[in-house]
$ cat entry_17.cif   # mmCIF, C-alpha atoms and all ligand atoms
data_final
#
loop_
_atom_site.label_atom_id
_atom_site.label_comp_id
_atom_site.auth_asym_id
_atom_site.auth_seq_id
_atom_site.Cartn_x
_atom_site.Cartn_y
_atom_site.Cartn_z
CA MET A 1 17.03 -28.68 8.69
CA ILE A 2 17.71 -25.92 11.20
CA LYS A 3 15.88 -22.73 10.32
CA ALA A 4 18.14 -19.77 11.01
CA PRO A 5 16.56 -16.53 12.19
CA ASN A 6 17.01 -13.21 10.41
CA ILE A 7 20.71 -12.64 9.91
CA ILE A 8 21.82 -9.02 10.25
CA LEU A 9 25.34 -7.85 9.44
CA VAL A 10 26.83 -4.86 11.26
CA GLY A 11 30.29 -3.29 11.16
CA PRO A 12 32.18 -0.27 9.87
CA MET A 13 32.22 1.10 6.33
CA GLY A 14 34.32 -1.24 4.22
CA ALA A 15 33.90 -4.27 6.49
CA GLY A 16 32.15 -6.01 3.59
CA LYS A 17 28.56 -6.10 4.89
CA THR A 18 26.99 -5.57 1.47
CA THR A 19 29.33 -8.01 -0.29
CA ILE A 20 29.24 -10.78 2.33
CA GLY A 21 25.50 -10.34 2.98
CA ARG A 22 24.72 -11.07 -0.65
CA LEU A 23 27.00 -14.14 -0.67
CA ILE A 24 25.58 -15.69 2.49
CA SER A 25 21.97 -15.02 1.44
CA GLN A 26 22.62 -17.03 -1.73
CA SER A 27 24.13 -19.90 0.27
CA MET A 28 21.25 -19.92 2.74
CA GLY A 29 18.51 -19.48 0.13
CA LYS A 30 17.24 -16.38 1.92
CA GLU A 31 16.12 -13.02 0.60
CA PHE A 32 18.86 -10.33 0.71
CA TYR A 33 18.32 -6.70 1.64
CA ASP A 34 20.89 -3.94 1.81
CA LEU A 35 19.50 -1.25 4.10
CA ASP A 36 21.20 1.58 2.17
CA LYS A 37 19.52 0.35 -1.02
CA VAL A 38 16.12 0.12 0.74
CA ILE A 39 16.57 3.71 1.98
CA GLU A 40 17.48 4.86 -1.53
CA ASP A 41 14.52 3.06 -3.11
CA ASN A 42 12.11 4.52 -0.53
CA ALA A 43 13.52 8.03 -1.01
CA GLY A 44 13.83 7.84 -4.79
CA ALA A 45 17.29 9.38 -4.33
CA ASP A 46 20.80 8.21 -3.51
CA ILE A 47 22.57 8.51 -0.17
CA PRO A 48 24.81 11.46 -1.08
CA TRP A 49 21.67 13.37 -2.17
CA ILE A 50 19.86 12.53 1.10
CA PHE A 51 22.85 13.72 3.18
CA GLU A 52 23.11 16.90 1.13
CA ARG A 53 19.40 17.81 1.29
CA GLU A 54 18.36 16.42 4.69
CA GLY A 55 21.66 16.19 6.57
CA GLU A 56 22.85 13.15 8.52
CA GLU A 57 19.82 13.50 10.82
CA GLY A 58 17.43 13.06 7.89
CA PHE A 59 19.35 10.00 6.74
CA ARG A 60 19.24 8.48 10.26
CA ARG A 61 15.46 8.98 10.42
CA ARG A 62 15.04 7.14 7.14
CA GLU A 63 17.46 4.43 8.31
CA THR A 64 15.46 3.71 11.48
CA GLN A 65 12.18 3.58 9.52
CA ALA A 66 13.65 1.16 6.98
CA LEU A 67 15.16 -1.07 9.69
CA ALA A 68 11.89 -1.25 11.64
CA SER A 69 9.86 -2.13 8.57
CA ILE A 70 12.22 -4.94 7.50
CA ALA A 71 12.60 -6.36 10.99
CA GLU A 72 8.81 -6.55 11.33
CA SER A 73 7.91 -7.78 7.87
CA ASP A 74 10.43 -10.52 7.11
CA ALA A 75 11.24 -12.01 10.51
CA GLY A 76 12.89 -15.37 10.09
CA ASP A 77 13.52 -15.13 6.42
CA CYS A 78 16.17 -12.69 5.27
CA VAL A 79 19.77 -11.56 5.38
CA LEU A 80 20.14 -7.83 5.98
CA ALA A 81 23.30 -5.78 5.46
CA THR A 82 23.10 -2.54 7.45
CA GLY A 83 25.08 0.69 7.09
CA GLY A 84 27.99 1.36 9.46
CA GLY A 85 26.07 3.91 11.53
CA ILE A 86 23.09 1.70 12.38
CA VAL A 87 24.27 1.22 15.98
CA MET A 88 24.30 4.95 16.78
CA ARG A 89 20.63 5.04 17.83
CA GLU A 90 19.55 3.09 20.88
CA GLU A 91 16.18 2.27 19.29
CA ASN A 92 18.03 0.63 16.37
CA ARG A 93 20.16 -1.41 18.75
CA ASP A 94 17.00 -2.64 20.49
CA ILE A 95 15.50 -3.73 17.15
CA LEU A 96 18.71 -5.53 16.19
CA ARG A 97 18.92 -7.43 19.46
CA GLU A 98 15.27 -8.45 19.44
CA ASN A 99 14.85 -9.54 15.86
CA ALA A 100 17.93 -11.29 14.64
CA LEU A 101 21.16 -13.12 14.89
CA VAL A 102 23.56 -10.21 14.55
CA VAL A 103 27.01 -10.75 13.03
CA TYR A 104 29.70 -8.12 13.49
CA LEU A 105 32.12 -8.08 10.55
CA TYR A 106 35.32 -6.69 12.04
CA ALA A 107 37.86 -4.88 9.87
CA SER A 108 40.90 -2.89 10.97
CA VAL A 109 40.95 0.84 10.20
CA ALA A 110 43.68 0.18 7.61
CA GLN A 111 41.42 -2.29 5.76
CA GLN A 112 38.39 0.01 6.08
CA LEU A 113 40.46 2.78 4.52
CA TYR A 114 41.74 0.61 1.70
CA ARG A 115 38.34 -0.87 0.85
CA THR A 116 36.48 2.48 0.92
CA SER A 117 39.13 4.40 -0.99
CA LYS A 118 37.87 3.38 -4.44
CA SER A 119 34.39 4.83 -4.15
CA THR A 120 32.85 8.23 -3.49
CA HIS A 121 29.34 7.25 -2.39
CA ARG A 122 29.97 7.49 1.38
CA PRO A 123 29.31 11.15 2.36
CA LEU A 124 30.96 10.83 5.78
CA LEU A 125 34.31 10.12 4.07
CA GLN A 126 34.11 12.94 1.52
CA THR A 127 35.22 15.75 3.83
CA GLY A 128 38.47 15.83 5.80
CA ASP A 129 40.95 13.06 6.36
CA PRO A 130 39.24 9.67 5.77
CA LYS A 131 41.73 7.78 7.95
CA ALA A 132 41.16 10.09 10.93
CA ILE A 133 37.39 9.94 10.40
CA LEU A 134 37.33 6.13 10.23
CA LYS A 135 39.52 5.91 13.35
CA LYS A 136 37.25 8.23 15.32
CA LEU A 137 34.08 6.46 14.20
CA PHE A 138 35.64 3.10 15.08
CA GLU A 139 36.45 4.22 18.63
CA VAL A 140 32.82 5.19 19.21
CA ARG A 141 31.15 2.37 17.29
CA ASP A 142 33.24 -0.75 17.95
CA PRO A 143 31.84 -1.19 21.51
CA LEU A 144 28.31 -0.69 20.13
CA TYR A 145 28.79 -3.33 17.41
CA ARG A 146 30.01 -5.71 20.13
CA GLU A 147 27.03 -4.83 22.33
CA VAL A 148 24.50 -5.99 19.71
CA ALA A 149 26.46 -8.82 18.10
CA THR A 150 26.02 -12.52 18.76
CA LEU A 151 29.01 -13.40 16.57
CA VAL A 152 32.17 -11.46 15.68
CA ILE A 153 33.99 -12.37 12.48
CA GLU A 154 37.42 -11.01 11.54
CA THR A 155 37.64 -10.04 7.84
CA ASP A 156 41.19 -8.69 7.38
CA ALA A 157 43.39 -10.68 4.98
CA ARG A 158 40.50 -12.82 3.77
CA HIS A 159 38.85 -13.03 0.40
CA PRO A 160 35.08 -12.28 0.49
CA ARG A 161 34.17 -15.92 -0.27
CA SER A 162 36.36 -17.07 2.62
CA VAL A 163 34.74 -14.51 4.97
CA ALA A 164 31.29 -15.69 3.84
CA ASN A 165 32.20 -19.33 4.58
CA LYS A 166 33.50 -18.34 7.99
CA VAL A 167 30.23 -16.53 8.76
CA LEU A 168 28.16 -19.52 7.59
CA ASP A 169 30.22 -21.92 9.76
CA ALA A 170 29.86 -19.67 12.80
CA ILE A 171 26.08 -19.40 12.31
CA ARG A 172 25.75 -23.18 11.97
CA ARG A 173 27.81 -23.80 15.11
CA HIS A 174 25.89 -21.16 17.04
CA LEU A 175 22.47 -22.53 16.09
CA LYS A 176 23.46 -26.10 16.98
CA MET A 177 24.73 -24.90 20.31
CA GLU A 178 21.49 -23.03 21.00
CA ILE A 179 19.51 -26.18 20.35
CA THR A 180 21.63 -28.37 22.67
CA VAL A 181 21.56 -25.96 25.59
CA SER A 182 17.86 -25.07 25.49
N1 LIG B 1 37.09 -9.55 2.64
C1 LIG B 1 37.32 -8.63 1.70
N2 LIG B 1 38.54 -8.56 1.14
C2 LIG B 1 38.80 -7.63 0.18
N3 LIG B 1 37.88 -6.73 -0.28
C3 LIG B 1 36.67 -6.77 0.24
C4 LIG B 1 36.31 -7.71 1.26
N4 LIG B 1 35.02 -7.51 1.59
C5 LIG B 1 34.60 -6.48 0.81
N5 LIG B 1 35.58 -6.06 -0.01
C6 LIG B 1 35.51 -4.93 -0.98
O1 LIG B 1 35.48 -3.73 -0.21
C7 LIG B 1 34.59 -2.77 -0.78
C8 LIG B 1 33.54 -2.40 0.26
O2 LIG B 1 32.72 -3.53 0.52
P1 LIG B 1 31.20 -3.38 0.96
O3 LIG B 1 30.60 -4.73 0.89
O4 LIG B 1 30.54 -2.29 0.19
O5 LIG B 1 31.37 -2.94 2.49
P2 LIG B 1 30.32 -2.30 3.50
O6 LIG B 1 28.95 -2.61 2.97
O7 LIG B 1 30.61 -2.97 4.82
O8 LIG B 1 30.63 -0.84 3.54
C9 LIG B 1 34.02 -3.44 -2.04
O9 LIG B 1 34.77 -2.99 -3.14
C10 LIG B 1 34.22 -4.91 -1.80
O10 LIG B 1 34.40 -5.61 -3.02
O1 LIG B 2 29.01 4.49 8.66
C1 LIG B 2 28.04 5.23 8.33
O2 LIG B 2 27.54 6.08 9.08
C2 LIG B 2 27.46 5.05 6.96
C3 LIG B 2 27.73 3.89 6.26
C4 LIG B 2 27.24 3.64 4.90
O3 LIG B 2 27.03 2.23 4.67
P1 LIG B 2 28.24 1.15 4.57
O4 LIG B 2 28.70 0.83 5.96
O5 LIG B 2 27.62 -0.01 3.90
O6 LIG B 2 29.31 1.78 3.75
C5 LIG B 2 25.94 4.41 4.66
O7 LIG B 2 24.90 3.87 5.47
C6 LIG B 2 26.12 5.87 4.97
O8 LIG B 2 27.04 6.41 4.06
C7 LIG B 2 26.57 6.12 6.43
MG MG B 3 27.24 -1.48 2.51
#
$ encode --input "entry_17.cif" --output "structure tokens"
Amino acid sequence: MIKAPNIILVGPMGAGKTTIGRLISQSMGKEFYDLDKVIEDNAGADIPWIFEREGEEGFRRRETQALASIAESDAGDCVLATGGGIVMREENRDILRENALVVYLYASVAQQLYRTSKSTHRPLLQTGDPKAILKKLFEVRDPLYREVATLVIETDARHPRSVANKVLDAIRRHLKMEITVS
């Protein structure tokens, strides 16, 4: 059996990182971590509270710490769903590139908007016009997701199970290819 390395999912809010990460971890028999949940557990508080008390900068500090500790401790054995802003710090991008097979879950701004509209736990979307915010973030972040990603998977117009299967197929193909060329 081919042993896949750490799988890390990146992409914008609403791409489905948390949902798809859990599904593929079950299929691969790997441990699943959601970085936002790790940050919340470490802080003993939820993300809106962290943003309110410590600002985005405080949240980003916690995010980098949590990413570094997972990347070091579980190398080779987990699926990690990150938050949409993980690529904003260069040190995070270095960790992603060095420690994992990174999968970019792509979603159009329209899908991001639709999928994030039902919840209120994303502080960045609670002030102003969510569509304009998502569009602006996407312009900055899409090239950064592509910079760290080994695989890019389109998620629009696909049920989560179908996206998960597509990710699993792409990982299998990629790992086989790596073995034949090396
Ligand atoms: N492929 C998909 N099609 C439709 N809805 C989806 C899809 N992927 C995720 N969702 C839904 O979108 C919302 C946000 O998904 P989530 O996994 O939290 O995204 P992320 O972690 O990337 O922000 C959830 O309600 C989830 O059920
Ligand atoms: O895009 C971002 O900067 C953020 C995305 C969120 O995670 P999801 O992408 O899982 O929603 C969460 O980390 C935080 O609210 C900030
Ligand atoms: Mg998430």
$ axis_aligned_box --input "entry_17.cif" --around "ligand LIG 2 (chain B)" --padding-each-side "6 Å" --output "JSON"
{"center_x": 27.1, "center_y": 3.2, "center_z": 6.4, "size_x": 16.4, "size_y": 18.4, "size_z": 17.3}
$ closest_residue --input "entry_17.cif" --among "A:Ser119, A:Gly11, A:Glu57, A:Asp129" --to "Glu147 (chain A)" --atoms "all atoms listed in the file"
A:Gly11
$ residues_near_ligand --input "entry_17.cif" --ligand "ligand MG 3 (chain B)" --cutoff "8 Å" --atoms "only C-alpha atoms and all ligand atoms" --output "PDB file with C-alpha atoms, in the frame of the given file"
ATOM      1  CA  MET A  13      32.220   1.100   6.330  1.00  0.00           C
ATOM      2  CA  GLY A  14      34.320  -1.240   4.220  1.00  0.00           C
ATOM      3  CA  GLY A  16      32.150  -6.010   3.590  1.00  0.00           C
ATOM      4  CA  LYS A  17      28.560  -6.100   4.890  1.00  0.00           C
ATOM      5  CA  THR A  18      26.990  -5.570   1.470  1.00  0.00           C
ATOM      6  CA  THR A  19      29.330  -8.010  -0.290  1.00  0.00           C
ATOM      7  CA  ASP A  34      20.890  -3.940   1.810  1.00  0.00           C
ATOM      8  CA  LEU A  35      19.500  -1.250   4.100  1.00  0.00           C
ATOM      9  CA  ASP A  36      21.200   1.580   2.170  1.00  0.00           C
ATOM     10  CA  ALA A  81      23.300  -5.780   5.460  1.00  0.00           C
ATOM     11  CA  THR A  82      23.100  -2.540   7.450  1.00  0.00           C
ATOM     12  CA  GLY A  83      25.080   0.690   7.090  1.00  0.00           C
ATOM     13  CA  GLY A  84      27.990   1.360   9.460  1.00  0.00           C
TER      14      GLY A  84
END
$ closest_residue --input "entry_17.cif" --among "A:Leu101, A:Leu144, A:Ala157, A:Ala110" --to "Ala170 (chain A)" --atoms "all atoms listed in the file"
A:Leu101
$ closest_residue --input "entry_17.cif" --among "A:Asp156, A:Glu40, A:Glu178, A:Glu91" --to "Gln111 (chain A)" --atoms "all atoms listed in the file"
A:Asp156
$ closest_residue --input "entry_17.cif" --among "A:Ala15, A:Met177, A:Leu113, A:Ala164" --to "ligand LIG 2 (chain B)" --atoms "only C-alpha atoms and all ligand atoms"
A:Ala15
$ atom_distance --input "entry_17.cif" --atom1 "CA of Gly58 (chain A)" --atom2 "CA of Val140 (chain A)"
20.7 Å
$ closest_residue --input "entry_17.cif" --among "A:Asp169, A:Gln112, A:Glu98, A:Lys30" --to "ligand LIG 2 (chain B)" --atoms "all atoms listed in the file"
A:Gln112
$ atom_distance --input "entry_17.cif" --atom1 "CA of Glu154 (chain A)" --atom2 "CA of Tyr106 (chain A)"
4.8 Å
$ closest_residue --input "entry_17.cif" --among "A:Ile153, A:Ile50, A:Ile7, A:Ala68" --to "ligand LIG 1 (chain B)" --atoms "all atoms listed in the file"
A:Ile153
